[in-house]
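Shown next, in structure tokens, is the structure this report addresses.
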Amino acid sequence: MIKRFIHYYKPHRKLFFADMFCALLVAICDLFYPMIAKNIINDYVPNRNLRLLLIWAAALVCIYLLKAGLNYFIQYYGHIVGVRMQSDMRRDMFQKLQKLPFSFFDENKTGTVMSRMINDLMDISELAHHGPENLFLSLILLIGSFVILCTINPLLTLIVYAALPFILFFTVKMRRDMQSAFKRTREEIAEVNANIENAISGVRVSRAYTAENQETEKFELCNGRFVQARSAAYRVMARFFSGMDLCMDMLYVIVLVTGGIFFFNGWIDVGEFTVFLLYINMFLNPVKKLVQFFEQFQNGMSGFERFEQIMNEKEESVTGSETDMPELNGDIDFQHVDFRYKTDESDQSLVLKDLSLHIPQGKTVALVGPSGGGKTTLCHLLPRFYEISAGSITIAGHDIRDISRSSLRQNIGIVAQDVFLFTGTIRDNIAYGKPDASEEEIISAAKKANIHDTVMAMENGYDTYIGERGVKLSGGQKQRISIARAFLKNPPILILDEATSALDNATEMMIQKSLEQLSHNRTSIIVAHRLSTIKNADQIVVITDDGIKEQGTHQQLLEQGGIYAELYAYQFAESSPQ
């Protein structure tokens, strides 16, 4: 995992090494001060050498000015390295999400994924900048101080540095507890984000059902768990930092006592004693930076671990023999298809079992039947949103597993009941599947979907901002924009999944004409509960939990007097005036 983390430094290695070089110069600047102070105390002041005192004071000013410039570079460009690495990781994660199967999104909450992409990567960015810098500065200062102090008094130096292994042992011992605590904190904040995302998306429903208190209770539950997790993390941090502060304070006592004894015995002079006191400060600073490094390391690496979990997810399967097919015209055949959403291998988990269905080229086939029979699932299998468990699906004799997903989906248009419009303008959403479409093509598609006049009546026309998920539009307007989007894509295969079931009768009749025009001369699969909308289909297929039960035209199925006839009679009776 660390190797993969280091890999992200590679594109920015020049800036990173420049940052590290500046950090080296800062460490060297820090090492100068105690030695200059020693000469001033032992020589220049007792001997009243004002000239050298002023010269070295000026040298110190120059050193500190240089140090200020170097620190500016480190703070600015060091953070730039972290931000660019964060951007690279976010890009890689986003691209990965585009390749993951639908089953991943079935199992993972949107807010949780967003938390990994935003919160986790922010901490990784801080580690990317401060981690190597703090570690590098600490090592340089510790080693440099050790070498310089050894030239003054090796024995006193060894006594002082003998405390370092105990400090490092304490730090390593606390690392495991901190890692566990920070990981749990991340999981809980991800749940809070998921809860907030869910609550905001469904705010209209919660208000309509006066369920604000219920949503608040759910939020408080998640938020309370986060507080508990964060409190546990801070408890570990408190033990860690209080322990470290105790070690530092004891180190001061060791230097004062042992240094005093050495001074009384004449083994060091007052200047050297001062140098030891100054260097012990310098010794404590890198130790504190090491402590910060461990904190950043736990924060960043627990975030990177969650980043890696997504990056290691299996992408949509590729056979290796897939080819691009720009034009997919021909019969569609489902041959002995089995499908299950879960990995459970039992027959009870099968949504579709041994299903075979022939859809002739250019014909309209309607799928009807009770909910849960697998109608929508069947539509999801054709564009390979999910992979079948057994059997095969072919278009013009080509197994869809041998066709690249890109070219397969380019040939399929989908209009669903739950229309998803992207935040932006009407023009953006109509042209979503064809970003380079001309104004004439967009207007033509809108006219075919019977939405052009409505759009032109709006203040900004096609540049009208529709809000998040089209919240500023009515259900009929959103549906017609999705139909216009399909018209512009102009696919040879069309899937209409409950495209009008959520609309009122008047709007449905208007949109039905658009859908009939859209289906003309295309291979169309229609999923419908309102049987009045599919009477003119070339073939109607009745699907239940037990598979396909009936097939035929509207009139043939009525004459059979089976499931379809019963459903039609029931809906007709419901719609008839009492």
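Lettering and numbering for the structure tokens are positional, with chains as A, B, ... in the shown order, residues counted from 1 in each chain, and ligands counted from 1 in the shown order.
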(request) Within 12 Å of Glu107 of chain A, counting only C-alpha atoms, which residues show up once you throw out same-chain ones fewer than 6 positions away? Write them as a ChimeraX atom specification, please. (result) /A:100-101,113,341-342
Determine, counting only C-alpha atoms, which protein, DNA and RNA residues have an atom within 9 Å of an atom of Lys535 of chain A; residues of the same chain fewer than 2 positions away are not included. Present the result as a PyMOL selection string.
chain A and resi 366+531-533+537-538+540+553-555
For the residues in that selection, give me all heavy atoms as a PDB file, in the first residue's frame.
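The result, stored in selection-v2.pdb:
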```
ATOM      1  N   ALA A 366     -43.706  -5.744 -25.855  1.00  0.00           N
ATOM      2  CA  ALA A 366     -44.082  -5.215 -24.547  1.00  0.00           C
ATOM      3  C   ALA A 366     -43.985  -6.314 -23.493  1.00  0.00           C
ATOM      4  O   ALA A 366     -44.390  -7.452 -23.740  1.00  0.00           O
ATOM      5  CB  ALA A 366     -45.497  -4.642 -24.601  1.00  0.00           C
ATOM      6  N   LEU A 531     -51.864  -1.255 -19.437  1.00  0.00           N
ATOM      7  CA  LEU A 531     -51.953  -2.076 -20.649  1.00  0.00           C
ATOM      8  C   LEU A 531     -52.516  -1.311 -21.823  1.00  0.00           C
ATOM      9  O   LEU A 531     -52.301  -1.690 -22.986  1.00  0.00           O
ATOM     10  CB  LEU A 531     -52.809  -3.313 -20.356  1.00  0.00           C
ATOM     11  CG  LEU A 531     -52.334  -4.170 -19.168  1.00  0.00           C
ATOM     12  CD1 LEU A 531     -53.188  -5.427 -19.065  1.00  0.00           C
ATOM     13  CD2 LEU A 531     -50.862  -4.547 -19.324  1.00  0.00           C
ATOM     14  N   SER A 532     -53.223  -0.219 -21.558  1.00  0.00           N
ATOM     15  CA  SER A 532     -53.781   0.578 -22.663  1.00  0.00           C
ATOM     16  C   SER A 532     -52.688   1.192 -23.521  1.00  0.00           C
ATOM     17  O   SER A 532     -52.920   1.536 -24.679  1.00  0.00           O
ATOM     18  CB  SER A 532     -54.678   1.686 -22.109  1.00  0.00           C
ATOM     19  OG  SER A 532     -53.936   2.519 -21.216  1.00  0.00           O
ATOM     20  N   THR A 533     -51.480   1.335 -22.963  1.00  0.00           N
ATOM     21  CA  THR A 533     -50.385   1.984 -23.696  1.00  0.00           C
ATOM     22  C   THR A 533     -49.644   1.027 -24.621  1.00  0.00           C
ATOM     23  O   THR A 533     -48.833   1.470 -25.433  1.00  0.00           O
ATOM     24  CB  THR A 533     -49.366   2.602 -22.716  1.00  0.00           C
ATOM     25  OG1 THR A 533     -48.804   1.554 -21.923  1.00  0.00           O
ATOM     26  CG2 THR A 533     -50.032   3.609 -21.798  1.00  0.00           C
ATOM     27  N   ALA A 537     -48.581  -2.967 -29.623  1.00  0.00           N
ATOM     28  CA  ALA A 537     -47.281  -3.633 -29.706  1.00  0.00           C
ATOM     29  C   ALA A 537     -47.363  -4.852 -30.625  1.00  0.00           C
ATOM     30  O   ALA A 537     -48.397  -5.523 -30.702  1.00  0.00           O
ATOM     31  CB  ALA A 537     -46.817  -4.058 -28.313  1.00  0.00           C
ATOM     32  N   ASP A 538     -46.276  -5.132 -31.336  1.00  0.00           N
ATOM     33  CA  ASP A 538     -46.258  -6.292 -32.238  1.00  0.00           C
ATOM     34  C   ASP A 538     -46.367  -7.595 -31.455  1.00  0.00           C
ATOM     35  O   ASP A 538     -46.914  -8.581 -31.950  1.00  0.00           O
ATOM     36  CB  ASP A 538     -44.948  -6.287 -33.050  1.00  0.00           C
ATOM     37  CG  ASP A 538     -44.850  -5.052 -33.931  1.00  0.00           C
ATOM     38  OD1 ASP A 538     -45.749  -4.833 -34.758  1.00  0.00           O
ATOM     39  OD2 ASP A 538     -43.873  -4.302 -33.769  1.00  0.00           O
ATOM     40  N   ILE A 540     -46.767  -9.048 -27.175  1.00  0.00           N
ATOM     41  CA  ILE A 540     -46.864  -8.800 -25.735  1.00  0.00           C
ATOM     42  C   ILE A 540     -46.443 -10.077 -25.022  1.00  0.00           C
ATOM     43  O   ILE A 540     -46.913 -11.168 -25.346  1.00  0.00           O
ATOM     44  CB  ILE A 540     -48.298  -8.389 -25.333  1.00  0.00           C
ATOM     45  CG1 ILE A 540     -48.689  -7.085 -26.029  1.00  0.00           C
ATOM     46  CG2 ILE A 540     -48.397  -8.240 -23.811  1.00  0.00           C
ATOM     47  CD1 ILE A 540     -50.143  -6.708 -25.848  1.00  0.00           C
ATOM     48  N   THR A 553     -50.194 -11.155 -29.626  1.00  0.00           N
ATOM     49  CA  THR A 553     -50.663  -9.780 -29.786  1.00  0.00           C
ATOM     50  C   THR A 553     -51.730  -9.498 -28.735  1.00  0.00           C
ATOM     51  O   THR A 553     -52.201 -10.401 -28.022  1.00  0.00           O
ATOM     52  CB  THR A 553     -51.263  -9.585 -31.189  1.00  0.00           C
ATOM     53  OG1 THR A 553     -52.406 -10.439 -31.327  1.00  0.00           O
ATOM     54  CG2 THR A 553     -50.254  -9.917 -32.275  1.00  0.00           C
ATOM     55  N   HIS A 554     -52.135  -8.250 -28.660  1.00  0.00           N
ATOM     56  CA  HIS A 554     -53.162  -7.839 -27.697  1.00  0.00           C
ATOM     57  C   HIS A 554     -54.435  -8.658 -27.897  1.00  0.00           C
ATOM     58  O   HIS A 554     -54.996  -9.209 -26.937  1.00  0.00           O
ATOM     59  CB  HIS A 554     -53.448  -6.336 -27.883  1.00  0.00           C
ATOM     60  CG  HIS A 554     -54.628  -5.842 -27.126  1.00  0.00           C
ATOM     61  ND1 HIS A 554     -54.634  -5.706 -25.760  1.00  0.00           N
ATOM     62  CD2 HIS A 554     -55.881  -5.460 -27.563  1.00  0.00           C
ATOM     63  CE1 HIS A 554     -55.815  -5.242 -25.371  1.00  0.00           C
ATOM     64  NE2 HIS A 554     -56.581  -5.080 -26.443  1.00  0.00           N
ATOM     65  N   GLN A 555     -54.879  -8.791 -29.153  1.00  0.00           N
ATOM     66  CA  GLN A 555     -56.132  -9.502 -29.427  1.00  0.00           C
ATOM     67  C   GLN A 555     -55.999 -10.996 -29.137  1.00  0.00           C
ATOM     68  O   GLN A 555     -56.901 -11.609 -28.561  1.00  0.00           O
ATOM     69  CB  GLN A 555     -56.534  -9.283 -30.902  1.00  0.00           C
ATOM     70  CG  GLN A 555     -57.949  -9.711 -31.221  1.00  0.00           C
ATOM     71  CD  GLN A 555     -58.991  -8.975 -30.384  1.00  0.00           C
ATOM     72  OE1 GLN A 555     -58.876  -7.774 -30.153  1.00  0.00           O
ATOM     73  NE2 GLN A 555     -60.005  -9.702 -29.916  1.00  0.00           N
TER      74      GLN A 555
END
```
Just want the 9 Å neighbourhood of Lys375 of chain A, counted on only C-alpha atoms, with same-chain residues fewer than 3 positions away dropped. Output as a VMD selection string. chain A and resid 367 to 369 371 to 372 378 to 380 497 527 543 to 544
Would you save the residues from that selection as a short mmCIF file (atom, residue, chain, number, x, y, z; two decimals), in the first residue's frame, using N, CA and C atoms?
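Result file is again24.cif:
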```
data_model
loop_
_atom_site.label_atom_id
_atom_site.label_comp_id
_atom_site.auth_asym_id
_atom_site.auth_seq_id
_atom_site.Cartn_x
_atom_site.Cartn_y
_atom_site.Cartn_z
N LEU A 367 -43.42 -5.96 -22.34
CA LEU A 367 -43.31 -6.89 -21.21
C LEU A 367 -44.30 -6.46 -20.12
N VAL A 368 -45.19 -7.34 -19.75
CA VAL A 368 -46.18 -7.03 -18.72
C VAL A 368 -46.19 -8.16 -17.69
N GLY A 369 -46.87 -7.89 -16.58
CA GLY A 369 -46.96 -8.90 -15.53
C GLY A 369 -46.80 -8.27 -14.16
N SER A 371 -45.38 -7.12 -10.44
CA SER A 371 -44.08 -6.61 -10.01
C SER A 371 -43.22 -7.75 -9.45
N GLY A 372 -41.90 -7.64 -9.69
CA GLY A 372 -40.98 -8.64 -9.19
C GLY A 372 -40.77 -9.82 -10.12
N LEU A 378 -34.61 -7.80 -16.92
CA LEU A 378 -34.34 -8.24 -18.29
C LEU A 378 -33.82 -7.06 -19.12
N CYS A 379 -34.42 -5.87 -18.92
CA CYS A 379 -33.98 -4.68 -19.66
C CYS A 379 -32.57 -4.26 -19.25
N HIS A 380 -32.20 -4.49 -17.99
CA HIS A 380 -30.86 -4.13 -17.52
C HIS A 380 -29.79 -5.08 -18.04
N ASP A 497 -38.88 1.79 -20.04
CA ASP A 497 -39.17 1.10 -18.78
C ASP A 497 -40.13 1.95 -17.94
N VAL A 527 -41.65 -1.86 -21.08
CA VAL A 527 -42.17 -2.40 -19.81
C VAL A 527 -43.31 -1.49 -19.39
N ILE A 543 -44.75 -11.91 -18.13
CA ILE A 543 -43.71 -12.50 -17.30
C ILE A 543 -44.15 -12.50 -15.84
N THR A 544 -44.03 -13.64 -15.19
CA THR A 544 -44.32 -13.75 -13.76
C THR A 544 -43.07 -14.28 -13.05
#
```
Inset, instruction - Between atom CA of Thr110 of chain A and atom CA of Glu315 of chain A, measure the distance and give it in Å to one decimal. - result: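 Between these atoms lies a distance of 17.8 Å.
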As a ChimeraX atom specification, which residues of segment 203-382 of chain A does DSSP assign to strand (DSSP E)?
/A:332-340,350-359,364-368
Preceding selection exported with C-alpha atoms as an mmCIF file, in the first residue's frame:
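Output file again39.cif follows:
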```cif
data_model
loop_
_atom_site.group_PDB
_atom_site.id
_atom_site.type_symbol
_atom_site.label_atom_id
_atom_site.label_comp_id
_atom_site.auth_asym_id
_atom_site.auth_seq_id
_atom_site.Cartn_x
_atom_site.Cartn_y
_atom_site.Cartn_z
ATOM 1 C CA ILE A 332 -32.479 -9.961 -30.160
ATOM 2 C CA ASP A 333 -32.450 -13.408 -28.568
ATOM 3 C CA PHE A 334 -32.477 -14.315 -24.864
ATOM 4 C CA GLN A 335 -31.492 -17.980 -24.742
ATOM 5 C CA HIS A 336 -31.954 -19.973 -21.503
ATOM 6 C CA VAL A 337 -30.941 -16.948 -19.410
ATOM 7 C CA ASP A 338 -30.414 -17.294 -15.653
ATOM 8 C CA PHE A 339 -29.680 -14.268 -13.499
ATOM 9 C CA ARG A 340 -29.155 -13.598 -9.791
ATOM 10 C CA LEU A 350 -32.543 -16.542 -9.251
ATOM 11 C CA VAL A 351 -34.470 -13.520 -10.536
ATOM 12 C CA LEU A 352 -34.661 -15.021 -14.031
ATOM 13 C CA LYS A 353 -34.511 -18.758 -14.618
ATOM 14 C CA ASP A 354 -34.116 -20.452 -18.016
ATOM 15 C CA LEU A 355 -35.739 -17.505 -19.808
ATOM 16 C CA SER A 356 -35.839 -17.606 -23.612
ATOM 17 C CA LEU A 357 -37.299 -14.767 -25.700
ATOM 18 C CA HIS A 358 -37.060 -13.741 -29.358
ATOM 19 C CA ILE A 359 -37.461 -10.058 -30.335
ATOM 20 C CA THR A 364 -42.062 -3.561 -30.603
ATOM 21 C CA VAL A 365 -42.273 -6.080 -27.771
ATOM 22 C CA ALA A 366 -44.082 -5.215 -24.547
ATOM 23 C CA LEU A 367 -43.310 -6.887 -21.210
ATOM 24 C CA VAL A 368 -46.179 -7.032 -18.718
#
```
Show me, as a PDB file with C-alpha atoms, in the first residue's frame, the residues that have an atom within 8 Å of segment 408-424 of chain A when counting only C-alpha atoms, minus same-chain residues fewer than 5 positions from it.
```pdb
ATOM      1  CA  ASP A 324     -16.615  -2.539 -31.385  1.00  0.00           C
ATOM      2  CA  MET A 325     -19.759  -2.750 -33.486  1.00  0.00           C
ATOM      3  CA  PRO A 326     -20.909   0.729 -34.528  1.00  0.00           C
ATOM      4  CA  GLU A 327     -24.236  -0.494 -35.939  1.00  0.00           C
ATOM      5  CA  LEU A 328     -26.254  -3.169 -34.134  1.00  0.00           C
ATOM      6  CA  PRO A 383     -26.949  -3.190 -22.129  1.00  0.00           C
ATOM      7  CA  ILE A 400     -23.361  -9.259 -26.261  1.00  0.00           C
ATOM      8  CA  ILE A 403     -19.376  -6.684 -27.993  1.00  0.00           C
ATOM      9  CA  ASN A 429     -29.557  17.484 -20.756  1.00  0.00           C
ATOM     10  CA  TYR A 465     -31.342  26.230 -15.472  1.00  0.00           C
ATOM     11  CA  ILE A 466     -33.368  23.242 -14.241  1.00  0.00           C
ATOM     12  CA  GLY A 467     -31.916  22.821 -10.722  1.00  0.00           C
ATOM     13  CA  GLU A 468     -30.589  19.661  -9.118  1.00  0.00           C
ATOM     14  CA  ARG A 469     -32.064  16.603 -10.866  1.00  0.00           C
ATOM     15  CA  GLY A 470     -34.498  18.909 -12.721  1.00  0.00           C
ATOM     16  CA  LYS A 478     -38.633  15.974 -17.279  1.00  0.00           C
ATOM     17  CA  GLN A 479     -40.001  12.913 -19.066  1.00  0.00           C
ATOM     18  CA  SER A 482     -35.475  12.426 -21.480  1.00  0.00           C
ATOM     19  CA  ILE A 483     -37.402  11.411 -24.625  1.00  0.00           C
ATOM     20  CA  ALA A 486     -33.260   9.542 -26.766  1.00  0.00           C
ATOM     21  CA  LYS A 489     -29.130   9.754 -29.656  1.00  0.00           C
ATOM     22  CA  ASN A 490     -31.168   7.996 -32.372  1.00  0.00           C
ATOM     23  CA  PRO A 491     -30.373   4.403 -31.298  1.00  0.00           C
ATOM     24  CA  PRO A 492     -31.485   1.317 -33.268  1.00  0.00           C
ATOM     25  CA  ILE A 493     -32.629  -0.380 -30.027  1.00  0.00           C
ATOM     26  CA  LEU A 494     -34.959   1.314 -27.551  1.00  0.00           C
ATOM     27  CA  ILE A 495     -35.947   0.386 -23.993  1.00  0.00           C
ATOM     28  CA  LEU A 496     -38.975   2.110 -22.431  1.00  0.00           C
ATOM     29  CA  ASP A 497     -39.169   1.104 -18.777  1.00  0.00           C
ATOM     30  CA  GLU A 498     -42.440   2.348 -17.252  1.00  0.00           C
ATOM     31  CA  ALA A 499     -41.838   5.586 -19.117  1.00  0.00           C
ATOM     32  CA  THR A 500     -45.312   7.059 -18.459  1.00  0.00           C
ATOM     33  CA  SER A 501     -46.596   5.274 -15.351  1.00  0.00           C
ATOM     34  CA  ALA A 502     -45.918   8.234 -13.030  1.00  0.00           C
TER      35      ALA A 502
END
```
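Take the candidates A:Phe17, A:Phe487, A:Tyr9, A:Tyr462 and check each one against Lys434 of chain A using only C-alpha atoms; the shortest distance goes to A:Phe487.
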Run DSSP on the backbone and give me the residues of segment 152-382 of chain A it puts in alpha helix (DSSP H), as JSON, numbers by chain. {"A": [152, 154, 155, 156, 157, 158, 159, 160, 161, 164, 165, 166, 167, 168, 169, 170, 171, 172, 173, 174, 175, 176, 177, 178, 179, 180, 181, 182, 183, 184, 185, 186, 187, 188, 189, 190, 191, 192, 193, 194, 195, 196, 197, 198, 199, 200, 201, 203, 204, 205, 206, 207, 208, 212, 213, 214, 215, 216, 217, 218, 219, 220, 221, 222, 223, 224, 225, 226, 227, 228, 229, 230, 231, 232, 233, 234, 235, 236, 237, 238, 239, 240, 241, 242, 243, 244, 245, 246, 247, 248, 249, 250, 251, 252, 253, 254, 255, 256, 257, 258, 259, 260, 261, 262, 263, 264, 270, 271, 272, 273, 274, 275, 276, 277, 278, 279, 280, 281, 282, 283, 284, 285, 286, 287, 288, 289, 290, 291, 292, 293, 294, 295, 296, 297, 298, 299, 300, 301, 302, 303, 304, 305, 306, 307, 308, 309, 310, 311, 375, 376, 377, 378, 379, 380, 381]}
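For the residues A:Glu187, A:Asp402, A:Asp463, A:Glu308, ranking by smallest atom-to-atom distance to Arg4 of chain A using only C-alpha atoms places A:Glu308 first.
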